[in-house]
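Here's run36.cif, which has mmCIF, C-alpha atoms and all ligand atoms:
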data_input
#
loop_
_atom_site.label_atom_id
_atom_site.label_comp_id
_atom_site.auth_asym_id
_atom_site.auth_seq_id
_atom_site.Cartn_x
_atom_site.Cartn_y
_atom_site.Cartn_z
CA MET A 30 2.90 2.62 -7.84
CA SER A 31 3.43 0.65 -4.65
CA LYS A 32 1.04 1.46 -1.79
CA LEU A 33 1.69 1.56 1.95
CA ILE A 34 -0.34 -0.96 3.96
CA VAL A 35 -0.19 -0.42 7.71
CA ALA A 36 -1.64 -2.78 10.32
CA ASN A 37 -2.59 -1.31 13.68
CA PHE A 38 -2.90 -4.12 16.23
CA LYS A 39 -3.96 -1.62 18.94
CA MET A 40 -3.97 -3.42 22.36
CA ASN A 41 -4.34 -6.94 20.97
CA GLY A 42 -2.16 -10.03 20.91
CA THR A 43 0.44 -11.85 22.97
CA LYS A 44 4.00 -12.75 22.10
CA SER A 45 2.89 -16.18 20.89
CA SER A 46 -0.14 -14.98 18.90
CA ILE A 47 1.93 -12.26 17.22
CA THR A 48 4.67 -14.79 16.39
CA GLN A 49 1.97 -16.96 14.82
CA TRP A 50 0.62 -13.95 12.92
CA PHE A 51 4.05 -13.21 11.40
CA ASN A 52 4.49 -16.89 10.49
CA ASP A 53 1.09 -17.03 8.80
CA PHE A 54 1.51 -13.69 7.06
CA SER A 55 4.94 -14.61 5.71
CA MET A 56 3.38 -17.63 3.95
CA GLU A 57 1.29 -15.23 1.84
CA LYS A 58 2.79 -14.54 -1.56
CA ASN A 59 2.44 -11.80 -4.16
CA ILE A 60 2.52 -8.83 -1.81
CA SER A 61 4.30 -6.12 -3.72
CA ASN A 62 3.07 -3.25 -1.53
CA GLU A 63 5.08 -2.01 1.46
CA VAL A 64 3.76 -3.45 4.73
CA ILE A 65 4.23 -2.06 8.26
CA VAL A 66 2.78 -3.58 11.44
CA ALA A 67 2.16 -1.32 14.47
CA LEU A 68 2.54 -3.48 17.57
CA PRO A 69 1.89 -2.95 21.27
CA ALA A 70 5.05 -1.31 22.66
CA LEU A 71 6.03 -4.25 24.84
CA PHE A 72 6.55 -6.49 21.81
CA LEU A 73 8.39 -4.08 19.51
CA PHE A 74 11.85 -5.25 20.43
CA ASP A 75 10.94 -8.92 19.89
CA PHE A 76 9.78 -8.30 16.34
CA ALA A 77 12.05 -5.43 15.26
CA ASP A 78 14.34 -7.78 13.35
CA ASN A 79 11.52 -9.23 11.27
CA ASN A 80 11.60 -8.89 7.49
CA ILE A 81 8.36 -6.88 7.82
CA SER A 82 8.78 -3.39 9.31
CA VAL A 83 7.22 -2.79 12.69
CA ALA A 84 5.95 0.53 14.06
CA ALA A 85 5.23 1.88 17.51
CA GLN A 86 1.67 3.04 18.18
CA ASN A 87 2.77 6.15 20.07
CA VAL A 88 5.81 7.93 21.49
CA SER A 89 6.42 10.47 24.23
CA SER A 90 6.44 14.15 23.35
CA HIS A 91 9.39 14.53 25.76
CA SER A 92 12.97 13.43 25.22
CA SER A 93 13.61 11.91 28.68
CA GLY A 94 12.94 12.48 32.35
CA ALA A 95 10.22 12.04 34.94
CA TYR A 96 7.45 10.75 32.64
CA THR A 97 6.50 7.44 34.21
CA SER A 98 5.10 4.89 31.72
CA GLN A 99 6.22 6.77 28.62
CA ILE A 100 8.58 5.62 25.86
CA SER A 101 10.92 8.06 24.13
CA ALA A 102 11.86 8.27 20.46
CA GLU A 103 15.46 7.55 21.45
CA MET A 104 14.33 4.26 23.07
CA LEU A 105 12.41 3.29 19.94
CA LYS A 106 15.43 3.97 17.77
CA ASP A 107 17.61 2.00 20.15
CA CYS A 108 15.29 -1.00 19.62
CA GLY A 109 15.52 -0.69 15.82
CA ILE A 110 12.11 0.90 15.25
CA ASN A 111 11.80 3.12 12.19
CA TYR A 112 8.11 4.10 12.23
CA SER A 113 5.61 5.33 14.81
CA ILE A 114 1.94 6.19 14.65
CA ILE A 115 1.15 9.48 16.40
CA GLY A 116 -2.12 11.33 16.94
CA HIS A 117 -4.39 8.29 16.70
CA SER A 118 -7.89 9.37 17.74
CA GLU A 119 -7.87 6.78 20.54
CA SER A 120 -4.67 8.33 21.99
CA ARG A 121 -6.08 11.81 21.49
CA GLU A 122 -9.23 10.79 23.36
CA PHE A 123 -7.96 8.50 26.13
CA LEU A 124 -4.64 10.25 26.78
CA LYS A 125 -6.02 13.75 26.18
CA GLU A 126 -3.35 14.47 23.56
CA THR A 127 -3.50 17.90 21.91
CA ASP A 128 -2.33 18.99 18.45
CA GLU A 129 0.62 20.63 20.20
CA ASP A 130 1.57 17.35 21.94
CA ILE A 131 1.37 15.59 18.60
CA PHE A 132 3.65 18.14 16.95
CA ASN A 133 6.15 17.66 19.80
CA LYS A 134 5.99 13.88 19.27
CA TYR A 135 6.59 14.47 15.55
CA ASN A 136 9.71 16.51 16.33
CA GLN A 137 11.01 13.85 18.71
CA LEU A 138 10.61 11.20 16.01
CA ILE A 139 12.25 13.33 13.32
CA LYS A 140 15.22 13.94 15.62
CA TYR A 141 15.84 10.16 15.68
CA SER A 142 15.03 9.57 12.00
CA ILE A 143 11.85 7.63 12.81
CA LYS A 144 9.06 8.14 10.29
CA PRO A 145 5.87 9.45 11.90
CA ILE A 146 2.49 8.19 10.66
CA ILE A 147 0.31 11.13 11.68
CA CYS A 148 -3.38 10.35 12.23
CA ILE A 149 -6.04 12.99 11.75
CA GLY A 150 -9.80 12.83 11.32
CA GLU A 151 -13.07 14.36 12.41
CA PRO A 152 -15.86 13.28 14.74
CA LEU A 153 -19.26 12.89 13.07
CA LYS A 154 -20.65 16.09 14.61
CA ILE A 155 -17.94 18.17 12.90
CA ARG A 156 -18.88 16.69 9.52
CA GLU A 157 -22.61 17.22 10.17
CA ASP A 158 -21.98 20.84 11.17
CA ASN A 159 -20.00 21.48 7.96
CA LEU A 160 -16.85 22.19 9.89
CA LEU A 161 -14.76 19.47 8.25
CA GLN A 162 -12.38 21.73 6.31
CA SER A 163 -11.53 23.97 9.23
CA PHE A 164 -11.18 20.99 11.59
CA ILE A 165 -8.73 19.14 9.31
CA SER A 166 -6.84 22.37 8.55
CA SER A 167 -6.34 23.04 12.24
CA GLN A 168 -5.06 19.49 12.87
CA LEU A 169 -2.49 20.02 10.10
CA LYS A 170 -1.59 23.64 10.83
CA GLN A 171 1.79 22.87 12.42
CA PHE A 172 2.85 20.58 9.58
CA GLU A 173 2.28 23.03 6.75
CA ASP A 174 5.79 24.48 6.59
CA THR A 175 7.86 21.34 6.57
CA ASP A 176 9.62 20.01 3.48
CA ASN A 177 9.93 16.56 5.09
CA GLU A 178 7.86 13.85 3.49
CA LEU A 179 4.78 13.42 5.69
CA ILE A 180 2.65 10.31 6.07
CA ILE A 181 -0.84 11.43 7.01
CA ALA A 182 -3.50 8.85 7.85
CA TYR A 183 -6.98 10.29 7.36
CA GLU A 184 -9.18 8.36 9.79
CA PRO A 185 -12.66 9.82 10.29
CA ILE A 186 -13.45 8.95 13.92
CA TRP A 187 -16.97 7.81 13.02
CA ALA A 188 -15.52 5.26 10.56
CA ILE A 189 -13.15 3.59 13.04
CA GLY A 190 -14.41 0.16 14.06
CA SER A 191 -17.94 1.04 12.96
CA GLY A 192 -18.23 -0.65 9.57
CA LEU A 193 -19.05 2.78 8.11
CA ILE A 194 -16.84 4.22 5.42
CA PRO A 195 -16.85 7.61 3.66
CA THR A 196 -17.76 7.83 -0.01
CA VAL A 197 -15.02 8.09 -2.62
CA GLU A 198 -16.01 11.76 -3.07
CA ASP A 199 -15.63 12.40 0.66
CA ILE A 200 -12.19 10.79 0.72
CA ASN A 201 -11.10 12.67 -2.38
CA GLU A 202 -12.27 15.97 -0.90
CA VAL A 203 -10.16 15.46 2.21
CA SER A 204 -7.18 14.19 0.27
CA GLU A 205 -7.29 17.30 -1.93
CA LEU A 206 -7.47 19.46 1.18
CA ILE A 207 -4.46 17.69 2.74
CA ARG A 208 -2.42 18.00 -0.46
CA GLY A 209 -3.29 21.68 -0.63
CA LEU A 210 -2.01 22.23 2.92
CA CYS A 211 1.09 20.01 3.06
CA LYS A 212 3.86 20.15 0.47
CA ASN A 213 5.17 16.61 0.37
CA VAL A 214 2.67 14.09 1.61
CA LYS A 215 1.60 10.46 1.40
CA ILE A 216 -2.04 9.98 2.36
CA LEU A 217 -3.39 6.83 3.95
CA TYR A 218 -7.07 6.15 4.57
CA GLY A 219 -8.11 4.39 7.81
CA GLY A 220 -11.43 3.37 9.33
CA SER A 221 -13.25 0.04 8.77
CA VAL A 222 -10.92 -1.07 5.98
CA ASN A 223 -11.48 -4.76 5.23
CA GLU A 224 -10.86 -7.27 2.43
CA GLU A 225 -14.12 -6.29 0.73
CA ASN A 226 -13.57 -2.54 0.48
CA ALA A 227 -9.74 -2.46 0.22
CA SER A 228 -9.55 -2.80 -3.53
CA ASN A 229 -11.78 0.25 -4.11
CA LEU A 230 -9.75 2.28 -1.67
CA LEU A 231 -6.35 1.21 -2.92
CA ASN A 232 -7.20 1.68 -6.56
CA ASN A 233 -8.05 5.32 -5.84
CA SER A 234 -5.04 7.31 -7.06
CA ASN A 235 -5.75 9.99 -4.44
CA ILE A 236 -4.71 7.72 -1.62
CA ASP A 237 -1.31 6.15 -1.14
CA GLY A 238 -2.26 3.37 1.25
CA VAL A 239 -4.43 2.22 4.13
CA LEU A 240 -4.25 1.95 7.91
CA VAL A 241 -6.08 -1.17 9.04
CA GLY A 242 -7.22 -1.89 12.61
CA GLY A 243 -9.59 -4.80 13.33
CA ALA A 244 -9.17 -6.52 9.95
CA SER A 245 -5.38 -6.62 10.33
CA LEU A 246 -5.57 -9.09 13.23
CA ASP A 247 -6.36 -11.93 10.83
CA PRO A 248 -3.15 -12.48 8.79
CA LYS A 249 -5.08 -13.95 5.86
CA GLU A 250 -7.49 -11.01 5.65
CA PHE A 251 -4.64 -8.53 6.06
CA ALA A 252 -2.73 -10.28 3.28
CA ASN A 253 -5.83 -10.07 1.05
CA ILE A 254 -5.97 -6.34 1.76
CA ALA A 255 -2.26 -5.94 0.99
CA GLN A 256 -2.75 -7.84 -2.28
CA SER A 257 -5.78 -5.90 -3.42
CA CYS A 258 -3.87 -3.38 -5.49
P1 LIG A 301 -10.48 -0.13 12.19
O1 LIG A 301 -9.40 0.81 12.92
O2 LIG A 301 -9.82 -0.61 10.92
O3 LIG A 301 -10.74 -1.24 13.17
O4 LIG A 301 -11.66 0.71 11.91
C1 LIG A 301 -8.55 1.66 12.20
C2 LIG A 301 -7.68 2.44 13.16
O5 LIG A 301 -8.15 2.83 14.23
O6 LIG A 301 -6.49 2.69 12.87
#
Represent the supplied structure as structure tokens.
Amino acid sequence: MSKLIVANFKMNGTKSSITQWFNDFSMEKNISNEVIVALPALFLFDFADNNISVAAQNVSSHSSGAYTSQISAEMLKDCGINYSIIGHSESREFLKETDEDIFNKYNQLIKYSIKPIICIGEPLKIREDNLLQSFISSQLKQFEDTDNELIIAYEPIWAIGSGLIPTVEDINEVSELIRGLCKNVKILYGGSVNEENASNLLNNSNIDGVLVGGASLDPKEFANIAQSC
């Protein structure tokens, strides 16, 4: 079955470096998995017409109004964007986003038929204190009743950008928990995915894809990841 391979450029790149990235990536052959690239908001419109899907990295929880600096789901749709990450731990931390904000963002996206990629994941302390199950359950609470197909990216905060990665057993435990809570769900794993560990992750039938930060910035490495299953 085809897997979903999502690049998260975070706040990296310029119009010319991203153009170069797409040129280099499109030279890579044999990618049968679905690829999505989450770009800085300013460049979404420039790359929306690409033959590779692009995603926003966030969206406002409001529909319109006096929210200086924010971008609405309607604006994303207007620019041809069909996916958006929400709930990334960096947005939760730096923008003080709550689970309620993230659910409001989800509803805004659904209203405009944009597919949300919902990030969840625990800080190390939660795992060490054996609070993982209740922490993940509370992040997913508001999504339990929906019949919509959800894309949930499990990204343990301690694994992001650290080179650390959970064991297969740890990932399977969380994936089982997510599938027990949400009816119709695709599960991505994110956190220090690279060309060395991607094959192990993508050949695990419990996960449906990966969300790749740092290693996605190199088009060759990202292509190797996308080809590893
Ligand atoms: P990383 O980031 O691959 O650099 O660990 C993943 C993410 O934050 O989405």
Would you kindly identify which residues have an atom no farther than 10 Å from (-4.6, 14.9, 11.9), using all atoms listed in the file and the file's own coordinates, and write them out as a compact mmCIF listing (two decimals) with C-alpha atoms, in the frame of the given file?
# COMPACT_ATOMS: atom_id res chain seq x y z
CA ILE A 115 1.15 9.48 16.40
CA GLY A 116 -2.12 11.33 16.94
CA HIS A 117 -4.39 8.29 16.70
CA SER A 118 -7.89 9.37 17.74
CA ASP A 128 -2.33 18.99 18.45
CA ILE A 131 1.37 15.59 18.60
CA ILE A 146 2.49 8.19 10.66
CA ILE A 147 0.31 11.13 11.68
CA CYS A 148 -3.38 10.35 12.23
CA ILE A 149 -6.04 12.99 11.75
CA GLY A 150 -9.80 12.83 11.32
CA GLU A 151 -13.07 14.36 12.41
CA PHE A 164 -11.18 20.99 11.59
CA ILE A 165 -8.73 19.14 9.31
CA SER A 166 -6.84 22.37 8.55
CA SER A 167 -6.34 23.04 12.24
CA GLN A 168 -5.06 19.49 12.87
CA LEU A 169 -2.49 20.02 10.10
CA LYS A 170 -1.59 23.64 10.83
CA PHE A 172 2.85 20.58 9.58
CA ILE A 181 -0.84 11.43 7.01
CA ALA A 182 -3.50 8.85 7.85
CA TYR A 183 -6.98 10.29 7.36
CA GLU A 184 -9.18 8.36 9.79
CA PRO A 185 -12.66 9.82 10.29
CA ILE A 207 -4.46 17.69 2.74
Could you give me, as a ChimeraX atom specification, every polymer residue with an atom at most 10 Å away from an atom of ligand LIG 301 (chain A), counting only C-alpha atoms and all ligand atoms?
-> /A:35-39,67,86,114,117-119,148,182-194,218-223,239-246
Go through A:Ile143, A:Thr48, A:Glu57, A:Gln137 and flag the residue nearest A:Ala85, using all atoms listed in the file for the distances.
-> A:Ile143
So what do you get for atom CA of A:Asn229 versus atom CA of A:Pro248, distance-wise?
->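 Result for atom CA of A:Asn229 versus atom CA of A:Pro248: 20.1 Å, one decimal.
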Quick one: of A:Cys258, A:Ala102, A:Leu68, A:Leu160, who's nearest to A:Ser142, counting all atoms listed in the file?
->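 Residue with the minimum atom-to-atom distance to A:Ser142: A:Ala102.
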How would you write as number ranges by chain the residues that get within 12 Å of (8.3, -6.6, 19.4) in the file's frame, counting all atoms listed in the file?
-> A: 38, 42-48, 51, 66-79, 81-86, 105, 108-110
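The gap separating atom CA of A:Asn235 from atom CA of A:Leu210 is 14.8 Å, in Å to one decimal.
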Enter the distance from atom CA of A:Asp174 to atom CA of A:Ser89, in Å, rounded to one decimal.
->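 Distance reported for this atom pair: 22.5 Å.
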Around all of stretch 39-57 of chain A's listed atoms, make the axis-aligned box with 4 Å on each side and tell me centre and edge lengths in Å to one decimal, as JSON.
{"center_x": 0.3, "center_y": -9.6, "center_z": 12.4, "size_x": 17.3, "size_y": 24.0, "size_z": 29.1}
Using only C-alpha atoms: which of A:Ser92, A:Gln162, A:Gln256, A:Thr97 has the shortest distance to A:Leu206 |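 That would be A:Gln162, the residue with the smallest distance to A:Leu206.
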Repair of stretch 57-71 of chain A at the level of N, CA, C and O atoms, as a compact mmCIF listing (two decimals), in the frame of the given file:
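New file out_32.txt:
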# COMPACT_ATOMS: atom_id res chain seq x y z
N GLU A 57 2.09 -15.83 2.92
CA GLU A 57 1.29 -15.23 1.84
C GLU A 57 2.22 -14.67 0.77
O GLU A 57 3.18 -13.97 1.07
N LYS A 58 1.91 -14.97 -0.47
CA LYS A 58 2.79 -14.54 -1.56
C LYS A 58 2.16 -13.34 -2.30
O LYS A 58 1.07 -12.93 -2.00
N ASN A 59 2.92 -12.85 -3.26
CA ASN A 59 2.44 -11.80 -4.16
C ASN A 59 2.06 -10.50 -3.46
O ASN A 59 1.08 -9.86 -3.84
N ILE A 60 2.79 -10.14 -2.42
CA ILE A 60 2.52 -8.83 -1.81
C ILE A 60 3.63 -7.88 -2.27
O ILE A 60 4.77 -7.99 -1.83
N SER A 61 3.26 -7.00 -3.19
CA SER A 61 4.30 -6.12 -3.72
C SER A 61 4.24 -4.76 -3.02
O SER A 61 5.13 -3.93 -3.18
N ASN A 62 3.18 -4.53 -2.24
CA ASN A 62 3.07 -3.25 -1.53
C ASN A 62 3.93 -3.29 -0.27
O ASN A 62 4.25 -4.36 0.25
N GLU A 63 4.27 -2.08 0.23
CA GLU A 63 5.08 -2.01 1.46
C GLU A 63 4.16 -2.23 2.67
O GLU A 63 3.10 -1.62 2.77
N VAL A 64 4.59 -3.11 3.57
CA VAL A 64 3.76 -3.45 4.73
C VAL A 64 4.46 -3.04 6.02
O VAL A 64 5.67 -3.26 6.18
N ILE A 65 3.71 -2.44 6.94
CA ILE A 65 4.23 -2.06 8.26
C ILE A 65 3.20 -2.53 9.29
O ILE A 65 2.00 -2.38 9.08
N VAL A 66 3.70 -3.08 10.41
CA VAL A 66 2.78 -3.58 11.44
C VAL A 66 3.04 -2.81 12.74
O VAL A 66 4.15 -2.89 13.30
N ALA A 67 2.03 -2.08 13.22
CA ALA A 67 2.16 -1.32 14.47
C ALA A 67 1.74 -2.21 15.63
O ALA A 67 0.58 -2.63 15.74
N LEU A 68 2.73 -2.51 16.48
CA LEU A 68 2.54 -3.48 17.57
C LEU A 68 2.41 -2.77 18.92
O LEU A 68 2.93 -1.66 19.09
N PRO A 69 1.82 -3.47 19.91
CA PRO A 69 1.89 -2.95 21.27
C PRO A 69 3.36 -2.76 21.66
O PRO A 69 4.22 -3.59 21.31
N ALA A 70 3.66 -1.70 22.38
CA ALA A 70 5.05 -1.31 22.66
C ALA A 70 5.89 -2.43 23.26
O ALA A 70 7.06 -2.60 22.91
N LEU A 71 5.29 -3.22 24.13
CA LEU A 71 6.03 -4.25 24.84
C LEU A 71 6.66 -5.28 23.90
O LEU A 71 7.65 -5.91 24.24
